[in-house]
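What's in protein.cif: mmCIF, C-alpha atoms
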```cif
data_entry
loop_
_atom_site.group_PDB
_atom_site.id
_atom_site.type_symbol
_atom_site.label_atom_id
_atom_site.label_comp_id
_atom_site.auth_asym_id
_atom_site.auth_seq_id
_atom_site.Cartn_x
_atom_site.Cartn_y
_atom_site.Cartn_z
ATOM 1 C CA PHE A 201 -14.080 15.801 -6.125
ATOM 2 C CA GLU A 202 -14.718 19.298 -4.766
ATOM 3 C CA GLN A 203 -15.394 17.988 -1.269
ATOM 4 C CA TYR A 204 -12.377 15.700 -1.453
ATOM 5 C CA ARG A 205 -10.278 18.591 -2.769
ATOM 6 C CA ARG A 206 -11.107 20.682 0.314
ATOM 7 C CA PHE A 207 -10.382 17.706 2.569
ATOM 8 C CA ILE A 208 -6.967 16.843 1.102
ATOM 9 C CA LEU A 209 -5.843 20.467 0.749
ATOM 10 C CA HIS A 210 -6.583 20.972 4.445
ATOM 11 C CA TYR A 211 -4.322 18.033 5.305
ATOM 12 C CA ALA A 212 -1.685 19.136 2.804
ATOM 13 C CA LEU A 213 -1.510 22.520 4.523
ATOM 14 C CA LEU A 214 -1.244 20.821 7.919
ATOM 15 C CA ALA A 215 1.452 18.474 6.624
ATOM 16 C CA GLU A 216 3.439 21.420 5.271
ATOM 17 C CA ARG A 217 3.042 23.443 8.453
ATOM 18 C CA GLU A 218 4.124 20.508 10.626
ATOM 19 C CA GLY A 219 7.024 19.507 8.377
ATOM 20 C CA MET A 220 5.728 16.048 7.466
ATOM 21 C CA ASP A 221 8.006 14.124 5.115
ATOM 22 C CA GLY A 222 5.237 12.647 3.018
ATOM 23 C CA LEU A 223 1.546 12.764 2.254
ATOM 24 C CA VAL A 224 -0.770 10.139 0.819
ATOM 25 C CA VAL A 225 -3.274 11.993 -1.384
ATOM 26 C CA GLY A 226 -5.766 9.118 -1.404
ATOM 27 C CA HIS A 227 -6.050 5.503 -0.361
ATOM 28 C CA GLU A 228 -7.787 2.597 -2.105
ATOM 29 C CA LEU A 229 -10.312 4.638 -4.081
ATOM 30 C CA PRO A 230 -10.471 2.635 -7.345
ATOM 31 C CA THR A 231 -13.913 3.873 -8.344
ATOM 32 C CA ALA A 232 -12.519 7.412 -8.270
ATOM 33 C CA THR A 233 -8.959 6.873 -9.507
ATOM 34 C CA LEU A 234 -9.422 4.748 -12.574
ATOM 35 C CA PRO A 235 -12.122 6.715 -14.427
ATOM 36 C CA TYR A 236 -10.999 10.226 -13.417
ATOM 37 C CA PRO A 237 -7.254 10.605 -14.014
ATOM 38 C CA GLU A 238 -7.416 14.262 -15.039
ATOM 39 C CA GLN A 239 -9.242 15.266 -11.869
ATOM 40 C CA TRP A 240 -6.507 13.488 -9.859
ATOM 41 C CA ARG A 241 -3.772 15.236 -11.825
ATOM 42 C CA ARG A 242 -5.357 18.620 -11.079
ATOM 43 C CA LEU A 243 -5.769 17.700 -7.431
ATOM 44 C CA ILE A 244 -2.135 16.553 -7.141
ATOM 45 C CA ALA A 245 -0.967 19.794 -8.792
ATOM 46 C CA GLU A 246 -2.973 21.804 -6.255
ATOM 47 C CA VAL A 247 -1.525 19.799 -3.365
ATOM 48 C CA ARG A 248 1.984 20.441 -4.716
ATOM 49 C CA ARG A 249 1.323 24.197 -4.611
ATOM 50 C CA VAL A 250 0.836 24.076 -0.818
ATOM 51 C CA TYR A 251 2.907 21.046 0.202
ATOM 52 C CA SER A 252 6.601 20.520 -0.555
ATOM 53 C CA GLY A 253 7.084 16.953 0.698
ATOM 54 C CA THR A 254 6.867 13.572 -0.991
ATOM 55 C CA LEU A 255 3.502 12.610 -2.501
ATOM 56 C CA THR A 256 2.004 9.228 -3.164
ATOM 57 C CA TYR A 257 -1.360 7.528 -3.545
ATOM 58 C CA GLY A 258 -2.143 4.243 -1.750
ATOM 59 C CA ALA A 259 -3.452 1.723 -4.270
ATOM 60 C CA ASN A 260 -5.098 -1.581 -3.486
ATOM 61 C CA TRP A 261 -2.679 -4.463 -4.151
ATOM 62 C CA ASP A 262 -5.187 -6.583 -6.022
ATOM 63 C CA ARG A 263 -7.525 -4.453 -8.100
ATOM 64 C CA GLU A 264 -5.905 -1.094 -8.536
ATOM 65 C CA VAL A 265 -2.110 -0.772 -8.402
ATOM 66 C CA ASP A 266 -1.554 -1.949 -11.992
ATOM 67 C CA GLN A 267 -4.083 0.514 -13.361
ATOM 68 C CA VAL A 268 -3.543 3.864 -11.606
ATOM 69 C CA PRO A 269 -3.192 6.252 -14.561
ATOM 70 C CA PHE A 270 -1.444 9.109 -12.740
ATOM 71 C CA TRP A 271 1.615 7.498 -11.122
ATOM 72 C CA ASP A 272 3.740 9.880 -13.190
ATOM 73 C CA ALA A 273 2.329 12.855 -11.234
ATOM 74 C CA LEU A 274 3.493 11.419 -7.886
ATOM 75 C CA ASP A 275 6.870 10.776 -6.256
ATOM 76 C CA LEU A 276 6.275 7.184 -5.132
ATOM 77 C CA ILE A 277 4.086 4.247 -6.085
ATOM 78 C CA GLY A 278 2.089 3.511 -2.927
ATOM 79 C CA VAL A 279 0.424 0.164 -2.349
ATOM 80 C CA SER A 280 -1.319 -1.815 0.352
ATOM 81 C CA PHE A 281 0.635 -5.076 0.051
ATOM 82 C CA TYR A 282 -1.583 -8.031 0.928
ATOM 83 C CA ASP A 283 -0.527 -10.499 -1.740
ATOM 84 C CA PRO A 284 -0.953 -14.059 -0.465
ATOM 85 C CA LEU A 285 2.363 -15.694 0.368
ATOM 86 C CA ALA A 286 1.042 -19.247 -0.064
ATOM 87 C CA ALA A 287 -1.985 -21.124 -1.398
ATOM 88 C CA GLN A 288 -2.354 -23.176 1.786
ATOM 89 C CA PRO A 289 -1.474 -22.352 5.403
ATOM 90 C CA THR A 290 2.211 -22.967 6.061
ATOM 91 C CA ARG A 291 5.087 -21.931 8.283
ATOM 92 C CA ASP A 292 7.725 -22.907 5.702
ATOM 93 C CA ILE A 293 9.914 -19.792 5.555
ATOM 94 C CA ALA A 294 11.399 -20.648 2.153
ATOM 95 C CA MET A 295 7.955 -21.110 0.625
ATOM 96 C CA LEU A 296 6.661 -17.906 2.210
ATOM 97 C CA THR A 297 9.700 -15.928 1.075
ATOM 98 C CA ALA A 298 9.183 -17.209 -2.465
ATOM 99 C CA GLY A 299 5.550 -16.112 -2.224
ATOM 100 C CA ALA A 300 6.612 -12.635 -1.098
ATOM 101 C CA HIS A 301 9.082 -12.423 -3.995
ATOM 102 C CA LYS A 302 6.281 -13.376 -6.381
ATOM 103 C CA GLY A 303 4.012 -10.618 -5.054
ATOM 104 C CA LEU A 304 6.818 -8.077 -5.172
ATOM 105 C CA GLU A 305 7.705 -8.992 -8.767
ATOM 106 C CA ARG A 306 4.517 -7.364 -10.054
ATOM 107 C CA LEU A 307 5.399 -4.202 -8.144
ATOM 108 C CA ARG A 308 8.947 -4.282 -9.516
ATOM 109 C CA THR A 309 7.449 -4.188 -13.020
ATOM 110 C CA ILE A 310 5.306 -1.165 -12.135
ATOM 111 C CA ALA A 311 8.334 0.575 -10.583
ATOM 112 C CA ALA A 312 10.429 -0.065 -13.690
ATOM 113 C CA ARG A 313 7.657 1.084 -16.032
ATOM 114 C CA SER A 314 7.001 4.270 -14.053
ATOM 115 C CA GLY A 315 10.586 5.022 -13.037
ATOM 116 C CA LYS A 316 9.352 5.506 -9.450
ATOM 117 C CA PRO A 317 10.184 3.600 -6.274
ATOM 118 C CA VAL A 318 7.451 1.692 -4.457
ATOM 119 C CA VAL A 319 6.464 2.169 -0.831
ATOM 120 C CA LEU A 320 4.375 -0.460 0.924
ATOM 121 C CA LEU A 321 1.898 1.757 2.769
ATOM 122 C CA GLU A 322 0.329 -1.249 4.468
ATOM 123 C CA ALA A 323 1.747 -4.722 4.950
ATOM 124 C CA GLY A 324 0.730 -7.092 7.659
ATOM 125 C CA TYR A 325 -0.264 -10.553 8.730
ATOM 126 C CA ALA A 326 -2.870 -11.565 11.270
ATOM 127 C CA SER A 327 -1.963 -13.906 14.109
ATOM 128 C CA THR A 328 -3.900 -16.813 12.601
ATOM 129 C CA THR A 329 -3.228 -19.968 10.652
ATOM 130 C CA MET A 330 -4.554 -18.212 7.526
ATOM 131 C CA ALA A 331 -2.082 -15.300 7.700
ATOM 132 C CA SER A 332 -0.106 -16.441 4.660
ATOM 133 C CA VAL A 333 -3.187 -17.240 2.566
ATOM 134 C CA ARG A 334 -5.459 -14.256 3.261
ATOM 135 C CA PRO A 335 -3.298 -11.573 4.874
ATOM 136 C CA TRP A 336 -6.007 -8.925 4.589
ATOM 137 C CA GLU A 337 -8.337 -10.816 6.946
ATOM 138 C CA GLU A 338 -7.860 -10.664 10.688
ATOM 139 C CA ASP A 339 -10.475 -13.109 11.907
ATOM 140 C CA ARG A 340 -10.003 -16.198 9.736
ATOM 141 C CA GLY A 341 -8.353 -19.293 11.134
ATOM 142 C CA THR A 342 -7.283 -20.288 14.591
ATOM 143 C CA PRO A 343 -4.831 -18.125 16.555
ATOM 144 C CA ASP A 344 -1.222 -18.782 15.527
ATOM 145 C CA VAL A 345 1.420 -16.211 16.430
ATOM 146 C CA GLU A 346 4.206 -18.307 14.878
ATOM 147 C CA ALA A 347 2.444 -18.229 11.498
ATOM 148 C CA GLN A 348 2.251 -14.444 11.853
ATOM 149 C CA ARG A 349 5.947 -14.201 12.764
ATOM 150 C CA VAL A 350 7.194 -16.261 9.815
ATOM 151 C CA CYS A 351 5.047 -14.258 7.388
ATOM 152 C CA TYR A 352 6.670 -11.034 8.595
ATOM 153 C CA GLU A 353 10.101 -12.648 8.425
ATOM 154 C CA ALA A 354 9.458 -13.840 4.872
ATOM 155 C CA LEU A 355 8.399 -10.381 3.709
ATOM 156 C CA VAL A 356 11.423 -8.720 5.330
ATOM 157 C CA ARG A 357 13.735 -11.281 3.700
ATOM 158 C CA ALA A 358 12.125 -10.647 0.317
ATOM 159 C CA LEU A 359 12.338 -6.868 0.707
ATOM 160 C CA GLU A 360 15.910 -6.734 1.960
ATOM 161 C CA PRO A 361 17.732 -6.815 -1.398
ATOM 162 C CA GLU A 362 15.222 -4.680 -3.302
ATOM 163 C CA ASP A 363 16.609 -1.202 -4.024
ATOM 164 C CA TRP A 364 13.435 -0.117 -5.865
ATOM 165 C CA VAL A 365 11.433 -0.286 -2.611
ATOM 166 C CA ALA A 366 11.423 3.020 -0.710
ATOM 167 C CA GLY A 367 10.123 1.488 2.516
ATOM 168 C CA ALA A 368 7.303 -0.338 4.253
ATOM 169 C CA PHE A 369 4.750 0.473 6.920
ATOM 170 C CA PHE A 370 3.551 -2.523 8.887
ATOM 171 C CA TRP A 371 -0.142 -2.543 9.620
ATOM 172 C CA LYS A 372 -1.649 -2.890 13.047
ATOM 173 C CA TRP A 373 -2.147 -6.625 13.303
ATOM 174 C CA PRO A 374 -2.434 -7.634 16.965
ATOM 175 C CA SER A 375 -0.698 -10.749 18.216
ATOM 176 C CA SER A 376 -3.923 -12.271 19.518
ATOM 177 C CA PRO A 377 -7.621 -11.948 18.704
ATOM 178 C CA GLU A 378 -8.300 -10.469 22.151
#
```
Can you dump the structure from the file as structure tokens?
Amino acid sequence: FEQYRRFILHYALLAEREGMDGLVVGHELPTATLPYPEQWRRLIAEVRRVYSGTLTYGANWDREVDQVPFWDALDLIGVSFYDPLAAQPTRDIAMLTAGAHKGLERLRTIAARSGKPVVLLEAGYASTTMASVRPWEEDRGTPDVEAQRVCYEALVRALEPEDWVAGAFFWKWPSSPE
């Protein structure tokens, strides 16, 4: 924690100096977040002393987001959103949109419980046939840019009416394996 403290305080000072709107104090660190909530609370308090912008933590969508014990110390619930949109590969936009709604429903519950909006710090779909089934993997399935496109469209459709979502950052998925 002491090494991480020095690391994140350095970036908090840079973020403040450069006028950054927000800072993610950590990203997908479940072995450190879940058992050490008080250390995180102290760390967040120290970051707040040097940085005046919005703070969040980026939780893993599957194993961590439901369990982060210090959401109350942050401004936003941050999550890497890689919930599967379907059980089998499909390009059916209605089915994919329903799958996105299902994944977002869990986050809506966390937002309501915490009283904080959610920001999708990562969301993305590879350009493969498996994009809707295993969005976190970039090299599974045969190339399929249309499958990628409809997955993005489905997520945007599902997000559009949600006022508890603060925003989304789309991850770097290329449109072809090359």
Q.
Could you list, as number ranges by chain, every residue matched by the PyMOL selection byres ((chain A and resi 321-336) around 10) in this structure?
A. A: 224, 227, 256-261, 277-291, 296, 299-300, 318-320, 337-352, 354-355, 367-377
Q: Determine the nearest neighbour of Arg242 (chain A) from the options A:Glu305, A:Glu202, A:Asp266, A:Asp363, counting only C-alpha atoms.
A: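 Of A:Glu305, A:Glu202, A:Asp266, A:Asp363, the one nearest Arg242 (chain A) is A:Glu202, counting only C-alpha atoms.
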Q: Using only C-alpha atoms, find the one residue out of A:Met295, A:Val365, A:Leu234, A:Ala358 that sits nearest to Ala312 (chain A).
A: A:Val365
Q.
Nearest residue to Glu238 (chain A) out of A:Gly222, A:His210, A:Glu264, A:Pro269, using all atoms listed in the file?
A. A:Pro269
Q.
Using all atoms listed in the file for the distances, tell me which of A:Gly219, A:Thr254, A:Leu229, A:Gln239 is nearest to Phe201 (chain A).
A.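 Once distances to Phe201 (chain A) are computed over all atoms listed in the file, the minimum belongs to A:Gln239.
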